[in-house]
Structure formats: structure tokens, C-alpha cells
Amino acid sequence: MKPFGENIWLFDGPSVPFFGLPYSTRMTVVRLNDDELWVHSPIALTPELQQQVSGLGTVTYLIAPNKLHYLFLAQWQAAFPESRLYVAPGVEHKLTRLQPPPVICQQLAEMESATSPWTGDIEQLIFSGSSVMQEAVFFHHPSKTLILTDLIENFPPEHFKSWQRPLARITGILAPNGRTPLDWRLSFSTRKAEARDCLGQMLAWAPEKIVLAHGLCIEKDGSHFLRRSFDWLL
């Protein structure tokens, strides 16, 4: 459990294989009013982790930010049956594979920040323009932190074995110059204007820090890093 700002904590889980590379996992927990907890991209739940999180407040909102980050939702809903699940576009088709299937409470794409249950603390938008996946991105106002999942990956080179590093470099996911993975970048080729509008909103938030699900997070000059990482789009 690592504090990352006012009422925001990061939890790192074990790595999982993805396209032949070891991908670290990371969960973000934000404490809202009345000690409600907003849990982004839940990682594998262990008794120790459950105790740590419960010590911060009441798990109220579970967030599945894209269709690759959903595997542990059933564990969390079983452990915290009063929690409510919010999912990004495409996740709902994945949930039938989980046992028991989680209960879908709300599609994030149908929500406006002004009417969300966490309004005032967190804003959100759906980063669109890709033909393969949309991601829900969030901005935590009190800590001025942008919370991303796969839109930027920023692995330290030593995270990979020597023979894996050239592939990671070609993909564009090595720190300190991490960016959207190459395969996902290519999927924006016909709808870049739509993606640029989303990027414009993120830059308007003027983040100071950025949480990344994979690799090194950004603890200062977040807006500068964000603009540099999306130079392929600008």
C-alpha cells in the first residue's frame, strides 16, 4: 500500500503474461466523502489486501476501466457484496466468463461527471477513437492526479529480460518515454480527431501526477509527460 496523494493509494499486484511480456498489475484506491472507497482496476484479492483496504474505509465503487482489466471483479464483489460495479464499454461482454458473474450496476459511458456518485472528487471521460478498445480515464481533483490504465505504459527497462527489451522499445512502452502501445496506437488511424478531443480534456485538467497501471507512475510535471506521450496523436 503506497500513498500517492491526499486520500489516494496504490497497490501493486503480481505480474501477468501478455503477448509474451510480463505485465505488472496495479490498483488505485481513492477515499471519498463518508469514507467511501473508489477502487480502480481491482487486483487479485488476498486476505492481507482485503484487510488493508478495509482499514481505509468502505469499499463502495468498483471500476473496470477497459476490457482488459476485469478479471478479479467477481472476487471483490463476493468479498464486498454492498459494492457497486461501473464498467467501461466492452467490459460487459467479458463478465459472463467470471463465476459468479458480477452484477452490472452502471455503464461508465452513460454517465456524466456532473451526475456521477463521486462528483466533486473525481471526473471521468471515455477515451474513444480506437477501433479496438475504449478506456475510461479519471481525474482526482484533490491530488490533481490523472488515473490511466493502458493508454500509457512506462516500464523501466530492467523490468524485462534482455531479449524482451527490443520488443518493448519498438512497442513504445519503455520509461522514461512510455506511451500508448504501438498496436493500440495504430487502431486510432481513422478517428484521430475524436481521440484528440479526449486528449484535450485530459490536458485541460492540468494533472500534476499520473497513475499508470503498468510501469512507473509520474509524480511531477504530469501535463508535460502527457503531452509528450501523446505526440503521435498531436
# chains A, B, ... in the order shown; residues from 1 in each chain; ligands from 1
$ select_by_dssp --residues "stretch 4-229 of chain A" --states "strand (DSSP E)" --output "JSON, numbers by chain"
{"A": [4, 5, 8, 9, 10, 11, 12, 13, 14, 15, 16, 17, 18, 21, 22, 23, 24, 25, 26, 27, 28, 29, 30, 31, 36, 37, 38, 39, 40, 58, 59, 60, 61, 62, 63, 64, 84, 85, 86, 87, 106, 107, 122, 123, 124, 125, 126, 127, 135, 136, 137, 138, 139, 140, 145, 146, 147, 209, 210, 211]}
$ write_last_selection --atoms "C-alpha atoms" --output "mmCIF file, in the first residue's frame"
data_model
loop_
_atom_site.group_PDB
_atom_site.id
_atom_site.type_symbol
_atom_site.label_atom_id
_atom_site.label_comp_id
_atom_site.auth_asym_id
_atom_site.auth_seq_id
_atom_site.Cartn_x
_atom_site.Cartn_y
_atom_site.Cartn_z
ATOM 1 C CA PHE A 4 0.169 8.720 -3.786
ATOM 2 C CA GLY A 5 -1.533 11.898 -2.621
ATOM 3 C CA ILE A 8 -5.262 8.108 -2.784
ATOM 4 C CA TRP A 9 -3.271 4.861 -2.524
ATOM 5 C CA LEU A 10 -1.642 2.443 -4.970
ATOM 6 C CA PHE A 11 -1.483 -1.343 -4.561
ATOM 7 C CA ASP A 12 0.850 -3.402 -6.759
ATOM 8 C CA GLY A 13 -0.087 -6.965 -7.594
ATOM 9 C CA PRO A 14 1.837 -9.793 -9.294
ATOM 10 C CA SER A 15 2.816 -9.667 -12.950
ATOM 11 C CA VAL A 16 0.711 -11.446 -15.568
ATOM 12 C CA PRO A 17 1.839 -12.591 -19.050
ATOM 13 C CA PHE A 18 0.541 -10.575 -22.011
ATOM 14 C CA LEU A 21 5.827 -9.931 -21.829
ATOM 15 C CA PRO A 22 5.407 -9.767 -18.039
ATOM 16 C CA TYR A 23 2.860 -7.057 -17.209
ATOM 17 C CA SER A 24 2.758 -5.690 -13.700
ATOM 18 C CA THR A 25 -0.663 -5.040 -12.171
ATOM 19 C CA ARG A 26 -1.700 -2.019 -10.136
ATOM 20 C CA MET A 27 -4.866 -0.946 -8.347
ATOM 21 C CA THR A 28 -5.764 2.593 -7.273
ATOM 22 C CA VAL A 29 -7.959 3.286 -4.240
ATOM 23 C CA VAL A 30 -9.455 6.713 -3.569
ATOM 24 C CA ARG A 31 -11.229 7.610 -0.339
ATOM 25 C CA GLU A 36 -16.473 5.520 0.764
ATOM 26 C CA LEU A 37 -13.747 3.799 -1.269
ATOM 27 C CA TRP A 38 -13.471 4.015 -5.053
ATOM 28 C CA VAL A 39 -11.454 1.039 -6.311
ATOM 29 C CA HIS A 40 -9.970 1.288 -9.815
ATOM 30 C CA THR A 58 -15.929 1.093 2.983
ATOM 31 C CA VAL A 59 -15.486 -0.411 -0.496
ATOM 32 C CA THR A 60 -18.346 1.216 -2.388
ATOM 33 C CA TYR A 61 -17.399 1.529 -6.070
ATOM 34 C CA LEU A 62 -15.528 -0.992 -8.218
ATOM 35 C CA ILE A 63 -14.213 0.341 -11.538
ATOM 36 C CA ALA A 64 -13.404 -1.781 -14.604
ATOM 37 C CA ARG A 84 -21.406 -1.288 -6.951
ATOM 38 C CA LEU A 85 -19.705 -2.046 -10.249
ATOM 39 C CA TYR A 86 -19.057 0.508 -13.013
ATOM 40 C CA VAL A 87 -17.646 -0.687 -16.326
ATOM 41 C CA GLN A 106 -23.766 1.141 -14.431
ATOM 42 C CA GLN A 107 -22.059 1.740 -17.756
ATOM 43 C CA ILE A 122 -13.356 12.595 -9.492
ATOM 44 C CA GLU A 123 -14.139 13.463 -13.115
ATOM 45 C CA GLN A 124 -14.167 10.920 -15.922
ATOM 46 C CA LEU A 125 -14.340 10.574 -19.664
ATOM 47 C CA ILE A 126 -14.293 7.723 -22.163
ATOM 48 C CA PHE A 127 -11.157 7.953 -24.314
ATOM 49 C CA GLU A 135 -10.764 3.295 -21.863
ATOM 50 C CA ALA A 136 -12.383 5.192 -19.021
ATOM 51 C CA VAL A 137 -9.914 7.749 -17.655
ATOM 52 C CA PHE A 138 -10.303 9.655 -14.395
ATOM 53 C CA PHE A 139 -9.033 12.809 -12.710
ATOM 54 C CA HIS A 140 -8.858 13.057 -8.923
ATOM 55 C CA THR A 145 -3.913 13.040 -10.289
ATOM 56 C CA LEU A 146 -4.845 11.577 -13.669
ATOM 57 C CA ILE A 147 -5.643 7.856 -13.411
ATOM 58 C CA LYS A 209 0.661 13.433 -11.283
ATOM 59 C CA ILE A 210 -0.333 10.401 -13.359
ATOM 60 C CA VAL A 211 -1.131 6.893 -12.165
#
$ residues_around --residues "A:Val132" --least-positions-apart "6" --cutoff "9 Å" --atoms "only C-alpha atoms" --output "ChimeraX atom specification"
/A:184,187-188
$ write_last_selection --atoms "C-alpha atoms" --output "compact mmCIF listing (two decimals), in the first residue's frame"
# COMPACT_ATOMS: atom_id res chain seq x y z
CA TRP A 184 -3.28 0.31 -29.91
CA SER A 187 -6.08 1.45 -34.16
CA PHE A 188 -6.72 5.23 -33.97
$ residues_around --residues "A:Arg185" --least-positions-apart "6" --cutoff "12 Å" --atoms "only C-alpha atoms" --output "list in words"
Ser128, Gly129, Ser130, Ser131, Val132, Met133, Asp150, Leu151, Ile152, Thr171, Gly172, Ile173, Arg179, Arg191, Lys192, Ala195, Ser229, Phe230, Asp231, Trp232 and Leu233 of chain A
$ write_last_selection --atoms "N, CA, C and O atoms" --output "mmCIF file, in the first residue's frame"
data_model
loop_
_atom_site.group_PDB
_atom_site.id
_atom_site.type_symbol
_atom_site.label_atom_id
_atom_site.label_comp_id
_atom_site.auth_asym_id
_atom_site.auth_seq_id
_atom_site.Cartn_x
_atom_site.Cartn_y
_atom_site.Cartn_z
ATOM 1 N N SER A 128 -12.023 7.720 -26.555
ATOM 2 C CA SER A 128 -12.508 6.991 -27.727
ATOM 3 C C SER A 128 -11.686 7.361 -28.964
ATOM 4 O O SER A 128 -10.787 8.190 -28.910
ATOM 5 N N GLY A 129 -12.019 6.740 -30.079
ATOM 6 C CA GLY A 129 -11.310 6.964 -31.332
ATOM 7 C C GLY A 129 -10.610 5.718 -31.842
ATOM 8 O O GLY A 129 -10.201 5.654 -32.997
ATOM 9 N N SER A 130 -10.488 4.705 -30.989
ATOM 10 C CA SER A 130 -9.871 3.439 -31.383
ATOM 11 C C SER A 130 -10.940 2.477 -31.889
ATOM 12 O O SER A 130 -12.061 2.455 -31.380
ATOM 13 N N SER A 131 -10.558 1.652 -32.841
ATOM 14 C CA SER A 131 -11.482 0.647 -33.368
ATOM 15 C C SER A 131 -11.477 -0.633 -32.537
ATOM 16 O O SER A 131 -12.290 -1.526 -32.785
ATOM 17 N N VAL A 132 -10.592 -0.727 -31.546
ATOM 18 C CA VAL A 132 -10.480 -1.981 -30.791
ATOM 19 C C VAL A 132 -10.830 -1.855 -29.315
ATOM 20 O O VAL A 132 -11.269 -2.825 -28.697
ATOM 21 N N MET A 133 -10.646 -0.672 -28.709
ATOM 22 C CA MET A 133 -10.911 -0.573 -27.280
ATOM 23 C C MET A 133 -11.072 0.878 -26.859
ATOM 24 O O MET A 133 -10.394 1.761 -27.376
ATOM 25 N N ASP A 150 -4.220 1.541 -19.567
ATOM 26 C CA ASP A 150 -3.317 1.089 -20.629
ATOM 27 C C ASP A 150 -2.993 2.168 -21.652
ATOM 28 O O ASP A 150 -2.197 1.915 -22.564
ATOM 29 N N LEU A 151 -3.586 3.339 -21.549
ATOM 30 C CA LEU A 151 -3.337 4.389 -22.541
ATOM 31 C C LEU A 151 -1.879 4.807 -22.578
ATOM 32 O O LEU A 151 -1.377 5.232 -23.622
ATOM 33 N N ILE A 152 -1.202 4.728 -21.444
ATOM 34 C CA ILE A 152 0.243 4.939 -21.404
ATOM 35 C C ILE A 152 0.842 3.822 -20.567
ATOM 36 O O ILE A 152 0.352 3.520 -19.473
ATOM 37 N N THR A 171 7.580 -1.305 -29.227
ATOM 38 C CA THR A 171 6.185 -1.074 -28.858
ATOM 39 C C THR A 171 5.985 0.315 -28.261
ATOM 40 O O THR A 171 4.876 0.858 -28.284
ATOM 41 N N GLY A 172 7.067 0.901 -27.706
ATOM 42 C CA GLY A 172 6.991 2.253 -27.176
ATOM 43 C C GLY A 172 6.613 2.332 -25.718
ATOM 44 O O GLY A 172 6.070 3.343 -25.274
ATOM 45 N N ILE A 173 6.927 1.284 -24.936
ATOM 46 C CA ILE A 173 6.442 1.244 -23.557
ATOM 47 C C ILE A 173 7.572 1.291 -22.531
ATOM 48 O O ILE A 173 7.361 0.961 -21.372
ATOM 49 N N ARG A 179 4.482 5.411 -23.682
ATOM 50 C CA ARG A 179 3.352 5.955 -24.434
ATOM 51 C C ARG A 179 2.327 4.861 -24.677
ATOM 52 O O ARG A 179 2.444 3.768 -24.133
ATOM 53 N N ARG A 191 -9.676 7.793 -36.777
ATOM 54 C CA ARG A 191 -10.510 8.626 -35.892
ATOM 55 C C ARG A 191 -9.644 9.419 -34.907
ATOM 56 O O ARG A 191 -9.968 9.560 -33.737
ATOM 57 N N LYS A 192 -8.543 9.963 -35.424
ATOM 58 C CA LYS A 192 -7.630 10.682 -34.546
ATOM 59 C C LYS A 192 -8.245 11.965 -33.994
ATOM 60 O O LYS A 192 -7.931 12.378 -32.870
ATOM 61 N N ALA A 195 -10.000 11.211 -30.832
ATOM 62 C CA ALA A 195 -9.051 10.979 -29.746
ATOM 63 C C ALA A 195 -8.409 12.282 -29.296
ATOM 64 O O ALA A 195 -8.163 12.479 -28.095
ATOM 65 N N SER A 229 3.876 12.059 -24.291
ATOM 66 C CA SER A 229 3.485 10.674 -24.563
ATOM 67 C C SER A 229 2.494 10.567 -25.714
ATOM 68 O O SER A 229 2.421 9.534 -26.394
ATOM 69 N N PHE A 230 1.705 11.618 -25.919
ATOM 70 C CA PHE A 230 0.715 11.606 -26.987
ATOM 71 C C PHE A 230 1.165 12.441 -28.190
ATOM 72 O O PHE A 230 0.323 12.911 -28.969
ATOM 73 N N ASP A 231 2.487 12.602 -28.370
ATOM 74 C CA ASP A 231 2.951 13.358 -29.536
ATOM 75 C C ASP A 231 2.540 12.684 -30.848
ATOM 76 O O ASP A 231 2.343 13.347 -31.872
ATOM 77 N N TRP A 232 2.326 11.369 -30.805
ATOM 78 C CA TRP A 232 1.871 10.655 -32.010
ATOM 79 C C TRP A 232 0.462 11.076 -32.423
ATOM 80 O O TRP A 232 0.093 10.959 -33.599
ATOM 81 N N LEU A 233 -0.290 11.568 -31.466
ATOM 82 C CA LEU A 233 -1.663 11.988 -31.749
ATOM 83 C C LEU A 233 -1.722 13.467 -32.097
ATOM 84 O O LEU A 233 -2.495 13.878 -32.954
#
$ atom_distance --atom1 "atom CA of A:Trp118" --atom2 "atom CA of A:Gly55"
20.1 Å
$ atom_distance --atom1 "atom CA of A:His141" --atom2 "atom CA of A:Gly120"
7.6 Å
$ select_by_dssp --residues "stretch 107-232 of chain A" --states "helix (DSSP H, G or I)" --output "PyMOL selection string"
chain A and resi 108-110+113-115+157-159+165-171+182-186+192-204+222-229
